[in-house]
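*Asks:* Let me begin by handing over the structure; questions about it come next.
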Amino acid sequence: MPKAPLAPEAARESAAPLLIEARERTDKLLAAWSERALDLVPGRDGAALAYALQSPGKRVRAALVLAAYRSVGGLSPAIAGVAAAVETVHTYSLVHDDLPCMDDDDLRRGRPTTHRAFDVPTATRAGFLLVPVAALVLAQAARDLVLGPAALGRMARELFEAGGAEGMVGGQWLDLEAEGKALDISELTRMHQGKTGALIRAACALGGIAAEATGAQVAALRAYGEDVGLAFQVADDVLDATGTSVQLGKTPGRDAELGKSTFVGLLGVDGAREEARRLAERAVEHLSRAGVGSKALSLLAHYIVTRES
Ligand code: GRG
């Protein structure tokens with residue numbers, strides 16, 4: 001089996017148009033949902049919900065949904081709704097992750113965290129409210145994509161299993177338990193496969209499900225997502241150790257402050273960079289083995305491990 005090369009050096013530039021498209025389309029949809037939230041949810045809770053929904057993320061997960069959908073022949077612009085649903089789950093996780101009972105952070109996406117801009121009880125409620133909002137965004141997307149109830153059910157299961165105890169929440173539990181303890185590489189990998197990787201994997205699979213791809217195609221997209229999801233976290237550890245708050249939009253060095261095990265701690269900066277690159281290459285190989293040719297997914301894999309924020 002020949003190795004599927006990652007996209008070339010100029011890849012970051014080349015992934016940029018897709019990331020810009022994903023950001024513009026997701027932000028537009030989430031701005032409209034924020035307006036609805038302000039109408040439906042009274043007072044500061046509604047304002048905090050809108051603040052979180054409109055926070056300016058990179059929208060990498062959204063770009064993965066769009067690229068995965070198109071890689072298996074999806075053509076509808078309504079896929080942006082699925083991307084927005086994934087980003088809404090991600091936003092909820094960031095609001096709660098930043099709370100004093102978890103990572104206790106002041107800065108997120110270059111702005112005060114939701115509990116800093118409001119207060120802890122308000123941010124906690126806004127975070128919880130984002131979960132049913134995500135379900136509504138997904139259901140609306142399924143209608144716009146003219147998908148039936150079976151496809152919506154498969155998408156909902158993919159997204160909310162990834163966001164739950166078997167995925168993101170489970171990984172966060174392991175993370176909280178591990179503070180101050182030294183994890184080995186397999187424990188660290190397991191934790192991040194849940195905490196960060198599960199939602200990224202789901203973003204890729206959701207693109208395939210929304211396009212009504214074959215089981216083998218969805219499996220290949222899921223396998224790609226599993227590897228880029230872990231690669232994303234390895235790269236995140238490198239950025240936490242080497243980046244600035246201006247570059248990252250959040251406080252760097254938090255992992256070390258909280259006594260967390262990281263891929264940088266176990267492998268060193270160069271070793272972690274190499275591991276991220278290896279995972280990104282393997283991700284693209286899953287696609288080529290299944291005959292899913294996607295330059296965009298290859299470019300995104302490269303971007304994920306070479307990004308600077
Ligand atoms: C109930 C225990 C319990 C947990 C709730 C808080 C939580 C669920 C999970 C935490 C998940 C989490 C914050 C994972 C980190 C993922 C990560 C690397 C985030 C940064 O992603 P980027 O760089 O951020 O894509 P932007 O801001 O660009 O979207």
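Chain labels A, B, ... are given in the sequence in which chains occur in the structure tokens; within each chain residues are numbered consecutively from 1, and ligands are likewise numbered from 1 in the order shown.
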Which residues are near Thr26 in chain A? Cut-off 9 Å, only C-alpha atoms, ignore same chain within fewer than 5 positions. Put them as a count of residues only.
*Replies:* 9
*Asks:* Just want the residues within 9 Å of ligand 1, written as a PyMOL selection string, counting only C-alpha atoms and all ligand atoms.
*Replies:* chain A and resi 55-61+87+90-99+102-103+108-110+163-165+168-176+192+194-197+199+229+232-237+248-250+309
*Asks:* Between A:Lys28, A:Lys260, A:Arg23, A:Arg201, single out the one closest to Glu158 in chain A, counting only C-alpha atoms.
*Replies:*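 Checking each candidate against Glu158 in chain A, we get A:Arg201 as the closest.
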*Asks:* Could you tell me how far CA of Val65 in chain A lies from CA of Leu297 in chain A, in Å and to one decimal?
*Replies:* 9.8 Å
*Asks:* If we count only C-alpha atoms, what is near Ala296 in chain A at a cut-off of 8 Å, once residues fewer than 4 positions away on the same chain are taken out, given as a VMD selection string?
*Replies:* chain A and resid 15 18 67 300
*Asks:* For the alpha helix (DSSP H) assignment from backbone DSSP, which residues of range 3-200 of chain A qualify? Please present them as a VMD selection string.
*Replies:* chain A and resid 11 to 40 43 to 53 60 to 71 79 to 97 114 to 117 120 to 144 149 to 162 168 to 178 185 to 192 198 to 200
*Asks:* I'd like to know which residues of range 49-291 of chain A are strand (DSSP E) (by DSSP, run on the backbone); could you write them as a ChimeraX atom specification?
*Replies:* /A:107-108,111-112
*Asks:* Using the selection just defined, write its residues with N, CA and C atoms as a PDB file, in the first residue's frame.
*Replies:*
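Saved to result22.pdb:
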```
ATOM      1  N   LEU A 107      -9.663  33.483  29.880  1.00  0.00           N
ATOM      2  CA  LEU A 107      -9.602  33.937  28.494  1.00  0.00           C
ATOM      3  C   LEU A 107      -9.928  32.775  27.558  1.00  0.00           C
ATOM      4  N   ARG A 108     -10.782  33.054  26.582  1.00  0.00           N
ATOM      5  CA  ARG A 108     -11.142  32.027  25.585  1.00  0.00           C
ATOM      6  C   ARG A 108     -11.470  32.745  24.281  1.00  0.00           C
ATOM      7  N   ARG A 111     -11.365  36.454  24.221  1.00  0.00           N
ATOM      8  CA  ARG A 111     -12.311  37.267  25.007  1.00  0.00           C
ATOM      9  C   ARG A 111     -12.418  36.682  26.413  1.00  0.00           C
ATOM     10  N   PRO A 112     -12.987  37.442  27.362  1.00  0.00           N
ATOM     11  CA  PRO A 112     -13.229  36.836  28.678  1.00  0.00           C
ATOM     12  C   PRO A 112     -14.099  35.582  28.525  1.00  0.00           C
TER      13      PRO A 112
END
```
*Asks:* From the list A:Val133, A:Asp105, A:Ile209, A:Val264, which residue is nearest Ala150 in chain A when using only C-alpha atoms?
*Replies:*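 Using only C-alpha atoms, the shortest distance to Ala150 in chain A belongs to A:Ile209.
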*Asks:* Give me the residues within 9 Å of Ala219 in chain A as a PyMOL selection string, counting only C-alpha atoms and dropping any in the same chain fewer than 6 places off.
*Replies:* chain A and resi 205+208+290
*Asks:* For Pro252 in chain A, work out the shell of residues within 7 Å, counting only C-alpha atoms and skipping chain neighbours fewer than 4 positions away, then give it as a VMD selection string.
*Replies:* chain A and resid 240 to 241 243 to 245
*Asks:* If you measure from CA of Leu53 in chain A to CA of Leu30 in chain A, what distance in Å do you get, rounded to one decimal?
*Replies:* 6.1 Å
*Asks:* If I take CA of Cys204 in chain A and CA of Ser294 in chain A, how far is one from the other in Å, to one decimal?
*Replies:* 12.2 Å
*Asks:* If we count only C-alpha atoms and set the cut-off at 10 Å, which residues sit around range 35-40 of chain A, ignoring sequence neighbours fewer than 2 positions away in its own chain? Please answer as a PyMOL selection string.
*Replies:* chain A and resi 30-33+42-50+53+129-130+133
*Asks:* Save out the residues we just selected, C-alpha atoms, as a JSON list (two decimals), in the first residue's frame.
*Replies:*
```
[["chain", "number", "residue", "atom", "x", "y", "z"],
["A", 30, "LEU", "CA", -25.12, 30.74, 14.95],
["A", 31, "ALA", "CA", -25.80, 34.49, 14.91],
["A", 32, "ALA", "CA", -29.37, 33.70, 13.79],
["A", 33, "TRP", "CA", -29.73, 31.10, 16.58],
["A", 42, "PRO", "CA", -34.90, 35.65, 29.47],
["A", 43, "GLY", "CA", -32.36, 38.04, 30.95],
["A", 44, "ARG", "CA", -28.72, 37.26, 31.53],
["A", 45, "ASP", "CA", -29.08, 33.57, 30.66],
["A", 46, "GLY", "CA", -30.14, 34.50, 27.11],
["A", 47, "ALA", "CA", -27.36, 37.08, 26.85],
["A", 48, "ALA", "CA", -24.75, 34.55, 28.04],
["A", 49, "LEU", "CA", -26.06, 31.94, 25.60],
["A", 50, "ALA", "CA", -25.76, 34.46, 22.74],
["A", 53, "LEU", "CA", -22.78, 31.10, 20.53],
["A", 129, "LEU", "CA", -28.72, 25.34, 27.39],
["A", 130, "LEU", "CA", -26.32, 24.94, 24.47],
["A", 133, "VAL", "CA", -29.78, 24.25, 21.07]]
```
*Asks:* Using only C-alpha atoms for the distances, tell me which of A:Thr88, A:Ala276, A:Asp27, A:His115 is nearest to Val137 in chain A.
*Replies:*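 So, comparing all the options, the nearest one is A:Thr88.
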